[in-house]
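Text of run.cif, listed as mmCIF, C-alpha atoms and all ligand atoms:
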```
data_upload
#
loop_
_atom_site.group_PDB
_atom_site.id
_atom_site.type_symbol
_atom_site.label_atom_id
_atom_site.label_comp_id
_atom_site.auth_asym_id
_atom_site.auth_seq_id
_atom_site.Cartn_x
_atom_site.Cartn_y
_atom_site.Cartn_z
ATOM 1 C CA MET A 1 -4.055 69.937 -3.645
ATOM 2 C CA ASN A 2 -6.845 72.378 -2.676
ATOM 3 C CA LYS A 3 -9.619 71.021 -4.920
ATOM 4 C CA PHE A 4 -10.220 67.972 -7.125
ATOM 5 C CA THR A 5 -12.050 68.790 -10.338
ATOM 6 C CA SER A 6 -9.640 67.615 -13.061
ATOM 7 C CA VAL A 7 -6.219 66.053 -13.572
ATOM 8 C CA GLN A 8 -4.790 69.608 -13.500
ATOM 9 C CA ASP A 9 -5.530 69.795 -9.765
ATOM 10 C CA ILE A 10 -3.220 66.963 -8.715
ATOM 11 C CA GLU A 11 0.493 67.159 -8.060
ATOM 12 C CA SER A 12 1.572 63.674 -9.179
ATOM 13 C CA LEU A 13 -0.531 60.997 -10.853
ATOM 14 C CA PRO A 14 1.859 58.107 -10.016
ATOM 15 C CA SER A 15 1.884 58.991 -6.312
ATOM 16 C CA LEU A 16 -1.940 59.396 -6.171
ATOM 17 C CA VAL A 17 -2.357 56.007 -7.890
ATOM 18 C CA ASP A 18 0.159 54.400 -5.495
ATOM 19 C CA GLN A 19 -1.739 55.911 -2.571
ATOM 20 C CA ALA A 20 -5.027 54.434 -3.862
ATOM 21 C CA LEU A 21 -3.409 51.003 -4.261
ATOM 22 C CA LYS A 22 -1.979 51.223 -0.728
ATOM 23 C CA PHE A 23 -5.474 52.003 0.563
ATOM 24 C CA LYS A 24 -6.759 48.984 -1.358
ATOM 25 C CA ALA A 25 -4.204 46.777 0.407
ATOM 26 C CA ASN A 26 -4.943 48.328 3.813
ATOM 27 C CA GLN A 27 -8.331 50.064 3.753
ATOM 28 C CA PHE A 28 -9.158 50.994 7.306
ATOM 29 C CA HIS A 29 -7.614 53.980 9.080
ATOM 30 C CA PRO A 30 -10.263 54.686 11.716
ATOM 31 C CA ASN A 31 -8.284 57.354 13.571
ATOM 32 C CA ALA A 32 -6.786 59.149 10.561
ATOM 33 C CA TYR A 33 -9.438 61.881 10.325
ATOM 34 C CA ALA A 34 -11.635 61.376 13.387
ATOM 35 C CA GLY A 35 -13.637 64.573 13.937
ATOM 36 C CA LYS A 36 -13.424 65.566 10.237
ATOM 37 C CA SER A 37 -16.414 65.472 7.934
ATOM 38 C CA VAL A 38 -17.203 65.254 4.223
ATOM 39 C CA GLY A 39 -20.450 66.550 2.698
ATOM 40 C CA LEU A 40 -21.607 64.890 -0.535
ATOM 41 C CA VAL A 41 -24.112 67.009 -2.466
ATOM 42 C CA PHE A 42 -26.003 65.459 -5.392
ATOM 43 C CA LEU A 43 -28.056 67.357 -7.953
ATOM 44 C CA ASN A 44 -28.301 64.148 -10.033
ATOM 45 C CA PRO A 45 -28.667 60.379 -9.417
ATOM 46 C CA SER A 46 -25.766 58.135 -8.444
ATOM 47 C CA LEU A 47 -25.050 54.647 -7.134
ATOM 48 C CA ARG A 48 -21.264 54.214 -7.282
ATOM 49 C CA THR A 49 -20.105 57.769 -6.622
ATOM 50 C CA ARG A 50 -22.384 58.143 -3.627
ATOM 51 C CA LEU A 51 -21.584 54.805 -1.969
ATOM 52 C CA SER A 52 -17.857 54.711 -2.784
ATOM 53 C CA SER A 53 -17.378 58.261 -1.454
ATOM 54 C CA LEU A 54 -19.291 57.449 1.737
ATOM 55 C CA LYS A 55 -17.228 54.310 2.225
ATOM 56 C CA ALA A 56 -13.967 56.115 1.452
ATOM 57 C CA ALA A 57 -14.619 58.833 4.049
ATOM 58 C CA ARG A 58 -15.599 56.270 6.667
ATOM 59 C CA ASN A 59 -12.520 54.111 5.935
ATOM 60 C CA LEU A 60 -10.493 57.212 6.876
ATOM 61 C CA GLY A 61 -12.421 57.702 10.103
ATOM 62 C CA ALA A 62 -14.242 60.815 8.817
ATOM 63 C CA GLU A 63 -17.995 61.430 9.006
ATOM 64 C CA ALA A 64 -19.762 61.523 5.651
ATOM 65 C CA VAL A 65 -23.201 62.955 4.923
ATOM 66 C CA VAL A 66 -25.157 62.810 1.646
ATOM 67 C CA LEU A 67 -27.587 65.539 0.600
ATOM 68 C CA ASP A 68 -29.816 64.970 -2.438
ATOM 69 C CA ILE A 69 -30.197 68.678 -2.826
ATOM 70 C CA SER A 70 -32.621 68.579 -5.761
ATOM 71 C CA LYS A 71 -34.970 66.402 -3.659
ATOM 72 C CA ASP A 72 -34.281 67.354 -0.039
ATOM 73 C CA GLY A 73 -32.892 70.900 -0.272
ATOM 74 C CA TRP A 74 -34.315 74.252 -1.359
ATOM 75 C CA ALA A 75 -34.394 74.973 -5.095
ATOM 76 C CA LEU A 76 -31.116 76.806 -5.803
ATOM 77 C CA GLU A 77 -30.559 80.054 -7.687
ATOM 78 C CA PHE A 78 -27.146 80.335 -9.388
ATOM 79 C CA GLU A 79 -27.554 83.669 -11.185
ATOM 80 C CA ASP A 80 -25.722 86.609 -9.637
ATOM 81 C CA GLY A 81 -27.855 89.677 -8.878
ATOM 82 C CA LYS A 82 -31.127 87.864 -9.525
ATOM 83 C CA VAL A 83 -34.259 89.182 -7.804
ATOM 84 C CA MET A 84 -35.405 85.895 -6.319
ATOM 85 C CA ASP A 85 -39.151 86.306 -6.729
ATOM 86 C CA GLY A 86 -39.617 83.011 -8.595
ATOM 87 C CA ASN A 87 -39.646 79.426 -7.329
ATOM 88 C CA LYS A 88 -35.966 79.292 -6.278
ATOM 89 C CA ALA A 89 -35.768 79.838 -2.534
ATOM 90 C CA GLU A 90 -32.016 79.827 -1.823
ATOM 91 C CA HIS A 91 -28.978 81.294 -3.564
ATOM 92 C CA ILE A 92 -25.841 79.212 -4.085
ATOM 93 C CA LYS A 93 -23.947 81.974 -2.206
ATOM 94 C CA GLU A 94 -25.655 81.037 1.044
ATOM 95 C CA ALA A 95 -26.193 77.310 0.381
ATOM 96 C CA ALA A 96 -22.530 76.581 -0.460
ATOM 97 C CA ALA A 97 -21.192 78.868 2.273
ATOM 98 C CA VAL A 98 -23.384 77.244 4.936
ATOM 99 C CA MET A 99 -22.345 73.738 3.869
ATOM 100 C CA GLY A 100 -18.724 74.916 3.934
ATOM 101 C CA ARG A 101 -19.206 75.797 7.616
ATOM 102 C CA TYR A 102 -20.498 72.297 8.374
ATOM 103 C CA PHE A 103 -17.937 70.213 6.470
ATOM 104 C CA ASP A 104 -14.146 70.078 5.937
ATOM 105 C CA VAL A 105 -14.488 68.877 2.320
ATOM 106 C CA LEU A 106 -17.502 69.184 0.015
ATOM 107 C CA GLY A 107 -18.280 67.008 -2.994
ATOM 108 C CA ILE A 108 -20.790 68.021 -5.638
ATOM 109 C CA ARG A 109 -22.379 66.220 -8.601
ATOM 110 C CA THR A 110 -23.840 68.472 -11.262
ATOM 111 C CA PHE A 111 -24.618 67.125 -14.750
ATOM 112 C CA PRO A 112 -24.798 69.312 -17.876
ATOM 113 C CA GLY A 113 -28.136 70.378 -19.331
ATOM 114 C CA LEU A 114 -26.893 69.398 -22.850
ATOM 115 C CA ALA A 115 -28.846 72.372 -24.286
ATOM 116 C CA ASN A 116 -26.269 75.189 -24.160
ATOM 117 C CA ARG A 117 -22.671 74.087 -24.797
ATOM 118 C CA ASP A 118 -21.039 77.323 -23.690
ATOM 119 C CA GLU A 119 -22.909 77.293 -20.387
ATOM 120 C CA ASP A 120 -22.126 73.627 -19.734
ATOM 121 C CA TYR A 121 -18.437 73.942 -20.648
ATOM 122 C CA ALA A 122 -18.101 77.072 -18.463
ATOM 123 C CA GLU A 123 -18.928 74.796 -15.491
ATOM 124 C CA GLU A 124 -20.992 77.582 -13.920
ATOM 125 C CA LEU A 125 -22.538 75.443 -11.176
ATOM 126 C CA LEU A 126 -19.300 73.749 -10.113
ATOM 127 C CA ASN A 127 -17.402 77.049 -10.164
ATOM 128 C CA ALA A 128 -20.086 78.817 -8.119
ATOM 129 C CA PHE A 129 -19.865 76.033 -5.563
ATOM 130 C CA ILE A 130 -16.061 76.327 -5.419
ATOM 131 C CA LYS A 131 -16.289 80.126 -5.141
ATOM 132 C CA TYR A 132 -18.668 80.195 -2.190
ATOM 133 C CA ALA A 133 -17.945 76.942 -0.269
ATOM 134 C CA GLY A 134 -14.784 78.178 1.443
ATOM 135 C CA VAL A 135 -13.481 74.585 1.806
ATOM 136 C CA PRO A 136 -11.880 72.166 -0.710
ATOM 137 C CA VAL A 137 -14.370 70.920 -3.313
ATOM 138 C CA VAL A 138 -14.381 67.494 -5.002
ATOM 139 C CA SER A 139 -16.171 66.979 -8.313
ATOM 140 C CA LEU A 140 -18.461 63.964 -8.025
ATOM 141 C CA GLU A 141 -18.959 64.418 -11.816
ATOM 142 C CA SER A 142 -19.475 67.803 -13.384
ATOM 143 C CA ALA A 143 -20.732 68.961 -16.777
ATOM 144 C CA THR A 144 -17.428 68.201 -18.508
ATOM 145 C CA ARG A 145 -15.415 65.818 -16.317
ATOM 146 C CA HIS A 146 -15.622 62.844 -13.926
ATOM 147 C CA PRO A 147 -12.216 62.857 -12.222
ATOM 148 C CA LEU A 148 -12.913 60.320 -9.440
ATOM 149 C CA GLN A 149 -13.979 57.840 -12.124
ATOM 150 C CA SER A 150 -10.879 58.598 -14.201
ATOM 151 C CA LEU A 151 -8.536 58.141 -11.244
ATOM 152 C CA ALA A 152 -10.186 54.759 -10.535
ATOM 153 C CA ASP A 153 -9.737 53.904 -14.226
ATOM 154 C CA VAL A 154 -6.006 54.688 -14.084
ATOM 155 C CA VAL A 155 -5.726 52.580 -10.898
ATOM 156 C CA SER A 156 -7.567 49.706 -12.631
ATOM 157 C CA ILE A 157 -5.237 49.775 -15.626
ATOM 158 C CA LYS A 158 -2.165 49.990 -13.395
ATOM 159 C CA GLU A 159 -3.158 46.944 -11.336
ATOM 160 C CA LYS A 160 -3.892 44.826 -14.450
ATOM 161 C CA TRP A 161 -0.786 45.789 -16.457
ATOM 162 C CA ASN A 162 2.536 44.311 -15.352
ATOM 163 C CA LYS A 163 4.590 44.787 -18.534
ATOM 164 C CA THR A 164 7.231 47.473 -18.993
ATOM 165 C CA GLU A 165 5.969 48.707 -22.387
ATOM 166 C CA LYS A 166 3.012 51.131 -22.587
ATOM 167 C CA PRO A 167 -0.399 49.417 -22.957
ATOM 168 C CA LYS A 168 -2.491 50.270 -26.012
ATOM 169 C CA VAL A 169 -5.703 51.811 -24.650
ATOM 170 C CA VAL A 170 -8.696 52.425 -26.929
ATOM 171 C CA LEU A 171 -11.710 54.577 -26.082
ATOM 172 C CA THR A 172 -14.565 53.474 -28.327
ATOM 173 C CA TRP A 173 -17.957 55.137 -28.716
ATOM 174 C CA ALA A 174 -20.961 52.794 -28.480
ATOM 175 C CA PRO A 175 -24.668 53.363 -29.133
ATOM 176 C CA HIS A 176 -27.223 54.415 -26.489
ATOM 177 C CA VAL A 177 -30.918 55.217 -26.352
ATOM 178 C CA LYS A 178 -30.411 58.554 -24.537
ATOM 179 C CA ALA A 179 -28.193 61.584 -25.099
ATOM 180 C CA LEU A 180 -25.380 61.290 -22.542
ATOM 181 C CA PRO A 181 -22.806 63.907 -21.461
ATOM 182 C CA GLN A 182 -19.195 63.923 -22.680
ATOM 183 C CA ALA A 183 -17.896 64.096 -19.077
ATOM 184 C CA VAL A 184 -16.638 60.500 -18.781
ATOM 185 C CA PRO A 185 -14.864 60.321 -22.177
ATOM 186 C CA ASN A 186 -13.438 63.856 -21.789
ATOM 187 C CA SER A 187 -12.085 62.980 -18.394
ATOM 188 C CA PHE A 188 -10.788 59.538 -19.389
ATOM 189 C CA VAL A 189 -8.837 61.093 -22.269
ATOM 190 C CA GLU A 190 -7.477 63.872 -20.062
ATOM 191 C CA TRP A 191 -6.182 61.373 -17.478
ATOM 192 C CA MET A 192 -4.870 58.889 -20.068
ATOM 193 C CA LYS A 193 -2.819 61.696 -21.630
ATOM 194 C CA VAL A 194 -1.008 62.079 -18.286
ATOM 195 C CA ALA A 195 -0.791 58.309 -17.643
ATOM 196 C CA ASP A 196 1.885 56.267 -19.389
ATOM 197 C CA VAL A 197 -0.308 54.730 -22.138
ATOM 198 C CA ASP A 198 -0.663 54.704 -25.926
ATOM 199 C CA LEU A 199 -4.215 56.105 -26.459
ATOM 200 C CA THR A 200 -6.536 55.871 -29.490
ATOM 201 C CA ILE A 201 -10.095 57.255 -29.678
ATOM 202 C CA THR A 202 -12.608 55.813 -32.143
ATOM 203 C CA HIS A 203 -16.153 57.026 -32.862
ATOM 204 C CA PRO A 204 -18.496 57.661 -35.805
ATOM 205 C CA GLU A 205 -18.249 60.994 -37.628
ATOM 206 C CA GLY A 206 -19.810 63.853 -35.670
ATOM 207 C CA TYR A 207 -18.745 62.576 -32.250
ATOM 208 C CA ASP A 208 -15.368 64.332 -31.978
ATOM 209 C CA LEU A 209 -14.649 65.425 -28.417
ATOM 210 C CA ALA A 210 -13.725 69.043 -27.708
ATOM 211 C CA GLN A 211 -10.274 69.884 -29.017
ATOM 212 C CA GLU A 212 -8.970 70.711 -25.529
ATOM 213 C CA PHE A 213 -9.368 66.983 -24.743
ATOM 214 C CA SER A 214 -8.670 65.216 -28.069
ATOM 215 C CA GLU A 215 -5.695 67.358 -29.112
ATOM 216 C CA GLY A 216 -2.578 65.212 -29.550
ATOM 217 C CA VAL A 217 -4.508 61.906 -29.454
ATOM 218 C CA ASN A 218 -4.819 59.444 -32.359
ATOM 219 C CA VAL A 219 -8.505 59.626 -33.472
ATOM 220 C CA THR A 220 -10.071 57.357 -36.112
ATOM 221 C CA TYR A 221 -13.597 56.707 -37.415
ATOM 222 C CA ASN A 222 -12.543 53.104 -38.176
ATOM 223 C CA GLN A 223 -13.400 51.097 -35.057
ATOM 224 C CA GLN A 224 -11.975 47.807 -36.350
ATOM 225 C CA GLU A 225 -8.620 49.399 -37.132
ATOM 226 C CA ALA A 226 -8.536 51.095 -33.714
ATOM 227 C CA LEU A 227 -9.225 47.873 -31.809
ATOM 228 C CA LYS A 228 -6.340 45.964 -33.416
ATOM 229 C CA ASP A 229 -3.799 44.949 -30.717
ATOM 230 C CA ALA A 230 -5.634 46.889 -27.979
ATOM 231 C CA ASP A 231 -4.731 45.882 -24.405
ATOM 232 C CA PHE A 232 -7.560 47.859 -22.788
ATOM 233 C CA VAL A 233 -10.820 49.003 -24.397
ATOM 234 C CA TYR A 234 -13.031 51.601 -22.692
ATOM 235 C CA VAL A 235 -16.541 51.330 -24.122
ATOM 236 C CA LYS A 236 -18.687 54.433 -23.653
ATOM 237 C CA ASN A 237 -21.468 56.373 -25.287
ATOM 238 C CA TRP A 238 -21.516 60.142 -25.499
ATOM 239 C CA SER A 239 -23.662 62.653 -27.364
ATOM 240 C CA SER A 240 -22.264 64.977 -30.001
ATOM 241 C CA TYR A 241 -20.096 67.912 -28.926
ATOM 242 C CA THR A 242 -20.208 69.639 -32.325
ATOM 243 C CA ASP A 243 -23.982 69.231 -32.799
ATOM 244 C CA TYR A 244 -24.262 69.744 -29.093
ATOM 245 C CA GLY A 245 -26.157 67.177 -27.050
ATOM 246 C CA LYS A 246 -27.616 65.421 -30.115
ATOM 247 C CA ILE A 247 -27.734 61.691 -30.935
ATOM 248 C CA LEU A 248 -26.347 61.463 -34.480
ATOM 249 C CA SER A 249 -26.008 57.690 -34.730
ATOM 250 C CA GLN A 250 -27.429 54.542 -33.177
ATOM 251 C CA ASN A 251 -25.409 52.316 -35.475
ATOM 252 C CA GLU A 252 -25.545 48.875 -33.854
ATOM 253 C CA SER A 253 -22.314 47.781 -35.506
ATOM 254 C CA TRP A 254 -20.568 49.901 -32.828
ATOM 255 C CA ARG A 255 -22.180 47.886 -29.945
ATOM 256 C CA PHE A 256 -19.243 46.064 -28.378
ATOM 257 C CA SER A 257 -19.464 42.304 -28.997
ATOM 258 C CA MET A 258 -17.266 39.204 -28.784
ATOM 259 C CA GLU A 259 -16.396 39.851 -32.461
ATOM 260 C CA HIS A 260 -14.979 43.237 -31.429
ATOM 261 C CA LEU A 261 -13.089 41.613 -28.549
ATOM 262 C CA ALA A 262 -11.546 39.105 -30.985
ATOM 263 C CA LEU A 263 -9.857 41.988 -32.836
ATOM 264 C CA THR A 264 -7.908 43.013 -29.723
ATOM 265 C CA ASN A 265 -4.917 41.649 -27.877
ATOM 266 C CA ASN A 266 -7.310 39.769 -25.544
ATOM 267 C CA ALA A 267 -8.062 43.222 -24.109
ATOM 268 C CA LYS A 268 -9.481 44.051 -20.713
ATOM 269 C CA ILE A 269 -12.860 45.699 -21.296
ATOM 270 C CA MET A 270 -13.773 48.748 -19.246
ATOM 271 C CA HIS A 271 -16.971 50.678 -18.545
ATOM 272 C CA CYS A 272 -17.733 53.258 -15.843
ATOM 273 C CA LEU A 273 -21.291 51.926 -15.239
ATOM 274 C CA PRO A 274 -24.234 52.047 -15.308
ATOM 275 C CA VAL A 275 -24.228 50.116 -18.598
ATOM 276 C CA ARG A 276 -27.245 49.182 -20.728
ATOM 277 C CA ARG A 277 -26.684 45.528 -21.629
ATOM 278 C CA GLY A 278 -27.456 44.660 -25.232
ATOM 279 C CA VAL A 279 -27.363 48.352 -26.213
ATOM 280 C CA VAL A 280 -23.826 49.514 -25.367
ATOM 281 C CA MET A 281 -22.234 46.103 -24.979
ATOM 282 C CA ASP A 282 -23.271 42.472 -25.334
ATOM 283 C CA ASP A 283 -23.929 40.297 -22.276
ATOM 284 C CA ALA A 284 -21.249 37.867 -23.466
ATOM 285 C CA VAL A 285 -18.566 40.576 -23.126
ATOM 286 C CA LEU A 286 -19.758 41.882 -19.759
ATOM 287 C CA ASP A 287 -19.955 38.327 -18.408
ATOM 288 C CA SER A 288 -16.539 37.330 -19.796
ATOM 289 C CA PRO A 289 -13.291 37.260 -17.780
ATOM 290 C CA ASN A 290 -12.062 40.158 -19.937
ATOM 291 C CA ALA A 291 -14.541 42.593 -18.381
ATOM 292 C CA ILE A 292 -13.075 44.609 -15.489
ATOM 293 C CA HIS A 293 -16.010 46.975 -14.884
ATOM 294 C CA LEU A 294 -16.583 45.610 -11.365
ATOM 295 C CA ASP A 295 -12.907 46.160 -10.483
ATOM 296 C CA GLN A 296 -13.232 49.740 -11.729
ATOM 297 C CA ALA A 297 -16.300 50.225 -9.527
ATOM 298 C CA GLU A 298 -14.474 48.737 -6.517
ATOM 299 C CA ASN A 299 -11.477 50.990 -7.157
ATOM 300 C CA ARG A 300 -13.746 54.033 -6.907
ATOM 301 C CA VAL A 301 -13.513 53.580 -3.104
ATOM 302 C CA TYR A 302 -9.714 53.723 -3.037
ATOM 303 C CA ALA A 303 -9.527 56.565 -5.564
ATOM 304 C CA ALA A 304 -11.864 58.617 -3.358
ATOM 305 C CA GLN A 305 -9.893 57.605 -0.268
ATOM 306 C CA ALA A 306 -6.648 58.872 -1.845
ATOM 307 C CA VAL A 307 -8.317 62.170 -2.802
ATOM 308 C CA PHE A 308 -10.001 62.754 0.587
ATOM 309 C CA ASN A 309 -6.703 61.916 2.290
ATOM 310 C CA GLU A 310 -4.989 64.702 0.313
ATOM 311 C CA LEU A 311 -7.758 67.241 0.961
ATOM 312 C CA LEU A 312 -8.275 66.489 4.662
ATOM 313 C CA LYS A 313 -4.564 66.672 5.515
HETATM 314 N N1 LIG A 401 -19.748 55.629 -12.689
HETATM 315 C C1 LIG A 401 -20.523 56.384 -11.877
HETATM 316 O O1 LIG A 401 -20.218 57.557 -11.595
HETATM 317 O O2 LIG A 401 -21.615 55.762 -11.381
HETATM 318 P P1 LIG A 401 -22.814 56.501 -10.650
HETATM 319 O O3 LIG A 401 -23.422 57.451 -11.663
HETATM 320 O O4 LIG A 401 -23.754 55.412 -10.223
HETATM 321 O O5 LIG A 401 -22.270 57.271 -9.487
#
```
Would you write the structure of this file as structure tokens?
Ligand code: CP
Amino acid sequence: MNKFTSVQDIESLPSLVDQALKFKANQFHPNAYAGKSVGLVFLNPSLRTRLSSLKAARNLGAEAVVLDISKDGWALEFEDGKVMDGNKAEHIKEAAAVMGRYFDVLGIRTFPGLANRDEDYAEELLNAFIKYAGVPVVSLESATRHPLQSLADVVSIKEKWNKTEKPKVVLTWAPHVKALPQAVPNSFVEWMKVADVDLTITHPEGYDLAQEFSEGVNVTYNQQEALKDADFVYVKNWSSYTDYGKILSQNESWRFSMEHLALTNNAKIMHCLPVRRGVVMDDAVLDSPNAIHLDQAENRVYAAQAVFNELLK
């Protein structure tokens, strides 16, 4: 593995998941990567990704440094050939290359603008970073994917499922007050397609994910039908892909409640966090024993540890 930006970058999902679970059982390897360092660059806010990545690097004995580049760095220019006579003081060519000289692995978080679909889905910022860093790059969530979250999600399902048959996993859209990216649902679907699960996606009309992600997956606009017999339900909002970045519905009947849970096979309920209580999901669900969102968040450490271990080798 020479970068970690999507499920396509890994060699074997079962062995990466096993590695994460081994790290969970035995977290601390203080001498494994002594003298190595990981740089974590954020253009957008984060709680879990920042802290779990820091903890993961330190559990492996590596140094980890966070840079909130939009706050503490120079304003970055990404356009090639640009005469930089505006307010952007540093080009990504120098910024990424310099950071690549300081660190053995670089992580970057860069959200989409949700204004221009082609630009967002071309992943221009992430790809520029990869091009100029000169060291392995980890996506800490990009415009279209959140692979560290998805790996933690696969780990969370694996540790809760001890039957031989495939679990029924449902990704359901839920309302939100803001337009959110498609990165988490895109990524979850992409990883579930490689994992050994039976996946259904349900959302209101107009919220279809890009075909490259949803192709081959059972998709229905009927949430109640989708939830029937579900073993795991991933509750998540996203804005429209077709009417790009728009909120087309705030239909409260999609907010996940105990009535929704009752339709399932006593499902485990998942969310990547942060979650808006009472908007996306009811308190009663999040506070119930079915909710595994805190386990998912904890597993972010071991997912990152497995990935850094591969890239620092
Ligand atoms: N799930 C997740 O990535 O959380 P943060 O945005 O807080 O990092």
Given a cut-off of 10 Å, what residues near ligand LIG 401 (chain A) show up using all atoms listed in the file, put as a PDB file with C-alpha atoms, in the coordinates of the input?
```pdb
ATOM      1  CA  PHE A  42     -26.003  65.459  -5.392  1.00  0.00           C
ATOM      2  CA  ASN A  44     -28.301  64.148 -10.033  1.00  0.00           C
ATOM      3  CA  PRO A  45     -28.667  60.379  -9.417  1.00  0.00           C
ATOM      4  CA  SER A  46     -25.766  58.135  -8.444  1.00  0.00           C
ATOM      5  CA  LEU A  47     -25.050  54.647  -7.134  1.00  0.00           C
ATOM      6  CA  ARG A  48     -21.264  54.214  -7.282  1.00  0.00           C
ATOM      7  CA  THR A  49     -20.105  57.769  -6.622  1.00  0.00           C
ATOM      8  CA  ARG A  50     -22.384  58.143  -3.627  1.00  0.00           C
ATOM      9  CA  LEU A  51     -21.584  54.805  -1.969  1.00  0.00           C
ATOM     10  CA  SER A  52     -17.857  54.711  -2.784  1.00  0.00           C
ATOM     11  CA  SER A  53     -17.378  58.261  -1.454  1.00  0.00           C
ATOM     12  CA  ARG A 109     -22.379  66.220  -8.601  1.00  0.00           C
ATOM     13  CA  LEU A 140     -18.461  63.964  -8.025  1.00  0.00           C
ATOM     14  CA  GLU A 141     -18.959  64.418 -11.816  1.00  0.00           C
ATOM     15  CA  HIS A 146     -15.622  62.844 -13.926  1.00  0.00           C
ATOM     16  CA  PRO A 147     -12.216  62.857 -12.222  1.00  0.00           C
ATOM     17  CA  LEU A 148     -12.913  60.320  -9.440  1.00  0.00           C
ATOM     18  CA  GLN A 149     -13.979  57.840 -12.124  1.00  0.00           C
ATOM     19  CA  SER A 150     -10.879  58.598 -14.201  1.00  0.00           C
ATOM     20  CA  ALA A 152     -10.186  54.759 -10.535  1.00  0.00           C
ATOM     21  CA  VAL A 184     -16.638  60.500 -18.781  1.00  0.00           C
ATOM     22  CA  HIS A 271     -16.971  50.678 -18.545  1.00  0.00           C
ATOM     23  CA  CYS A 272     -17.733  53.258 -15.843  1.00  0.00           C
ATOM     24  CA  LEU A 273     -21.291  51.926 -15.239  1.00  0.00           C
ATOM     25  CA  PRO A 274     -24.234  52.047 -15.308  1.00  0.00           C
ATOM     26  CA  VAL A 275     -24.228  50.116 -18.598  1.00  0.00           C
ATOM     27  CA  HIS A 293     -16.010  46.975 -14.884  1.00  0.00           C
ATOM     28  CA  GLN A 296     -13.232  49.740 -11.729  1.00  0.00           C
ATOM     29  CA  ALA A 297     -16.300  50.225  -9.527  1.00  0.00           C
ATOM     30  CA  ARG A 300     -13.746  54.033  -6.907  1.00  0.00           C
TER      31      ARG A 300
END
```
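Shell of Val189 (chain A) at 7 Å, with all atoms listed in the file counted and residues fewer than 4 places along the chain excluded, is Pro185, Lys193 and Phe213 of chain A.
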Near-Gln250 (chain A) list (12 Å; all atoms listed in the file; drop same-chain fewer than 4 positions) as a short mmCIF file (atom, residue, chain, number, x, y, z; two decimals) with C-alpha atoms, in the coordinates of the input:
```cif
data_model
loop_
_atom_site.label_atom_id
_atom_site.label_comp_id
_atom_site.auth_asym_id
_atom_site.auth_seq_id
_atom_site.Cartn_x
_atom_site.Cartn_y
_atom_site.Cartn_z
CA TRP A 173 -17.96 55.14 -28.72
CA ALA A 174 -20.96 52.79 -28.48
CA PRO A 175 -24.67 53.36 -29.13
CA HIS A 176 -27.22 54.42 -26.49
CA VAL A 177 -30.92 55.22 -26.35
CA LYS A 178 -30.41 58.55 -24.54
CA ALA A 179 -28.19 61.58 -25.10
CA HIS A 203 -16.15 57.03 -32.86
CA PRO A 204 -18.50 57.66 -35.80
CA TYR A 207 -18.74 62.58 -32.25
CA ASN A 237 -21.47 56.37 -25.29
CA TRP A 238 -21.52 60.14 -25.50
CA SER A 239 -23.66 62.65 -27.36
CA LYS A 246 -27.62 65.42 -30.12
CA TRP A 254 -20.57 49.90 -32.83
CA ARG A 255 -22.18 47.89 -29.94
CA VAL A 279 -27.36 48.35 -26.21
CA VAL A 280 -23.83 49.51 -25.37
#
```
(request) Write out as a list in words the residues lying within 12 Å of Lys160 (chain A), counting only C-alpha atoms and excluding same-chain residues fewer than 6 positions away. (result) Leu21, Asp153, Val154, Pro167, Asp231, Phe232, Ala267, Lys268, Ile269, Met270, Asn290, Ala291, Ile292, Asp295 and Gln296 of chain A
Could the residues in this selection be written to a file with C-alpha atoms, as a short mmCIF file (atom, residue, chain, number, x, y, z; two decimals), keeping the file's coordinate frame?
```cif
data_model
loop_
_atom_site.label_atom_id
_atom_site.label_comp_id
_atom_site.auth_asym_id
_atom_site.auth_seq_id
_atom_site.Cartn_x
_atom_site.Cartn_y
_atom_site.Cartn_z
CA LEU A 21 -3.41 51.00 -4.26
CA ASP A 153 -9.74 53.90 -14.23
CA VAL A 154 -6.01 54.69 -14.08
CA PRO A 167 -0.40 49.42 -22.96
CA ASP A 231 -4.73 45.88 -24.40
CA PHE A 232 -7.56 47.86 -22.79
CA ALA A 267 -8.06 43.22 -24.11
CA LYS A 268 -9.48 44.05 -20.71
CA ILE A 269 -12.86 45.70 -21.30
CA MET A 270 -13.77 48.75 -19.25
CA ASN A 290 -12.06 40.16 -19.94
CA ALA A 291 -14.54 42.59 -18.38
CA ILE A 292 -13.08 44.61 -15.49
CA ASP A 295 -12.91 46.16 -10.48
CA GLN A 296 -13.23 49.74 -11.73
#
```
(message) My list of candidates is A:Ala143, A:Leu263, A:Val155, A:Val219. Which is closest to Ser6 (chain A) when distances are computed with all atoms listed in the file?
(response) A:Ala143
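The shortest atom-to-atom distance to Met1 (chain A), with only C-alpha atoms taken into account, belongs to A:Lys313 out of A:Arg58, A:Arg117, A:Lys313, A:Arg276.
Between CA of Ile247 (chain A) and CA of Gly216 (chain A) the separation is 25.4 Å.
Interatomic distance, CA of Asp282 (chain A) against CA of Ser257 (chain A): 5.3 Å.
The spacing separating CA of Leu294 (chain A) from CA of Ser156 (chain A) amounts to 10.0 Å.
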(message) Which residues are close to Pro136 (chain A), i.e. within 9 Å by all atoms listed in the file, leaving aside same-chain residues fewer than 3 positions away? Reply as a ChimeraX atom specification.
(response) /A:1-4,100,104-107,130,133,311-312
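With all atoms listed in the file as the atoms that count, the minimum distance from Ile108 (chain A) to the choices A:Thr5, A:Asn218, A:Asn87, A:Gln305 is reached by A:Thr5.
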(request) Would you kindly return, as a PyMOL selection string, each protein, DNA or RNA residue with an atom no farther than 8 Å from any atom of region 67-81 of chain A, considering all atoms listed in the file and excluding same-chain residues fewer than 6 positions away? (result) chain A and resi 39-44+87-92+95+125+128
(message) Going by the chain IDs and residue numbers used in this file, which residues fall under the PyMOL selection byres (((chain A and resi 29-33) around 7) and not hetatm)? Write them as a ChimeraX atom specification.
(response) /A:27-28,34-36,59-62
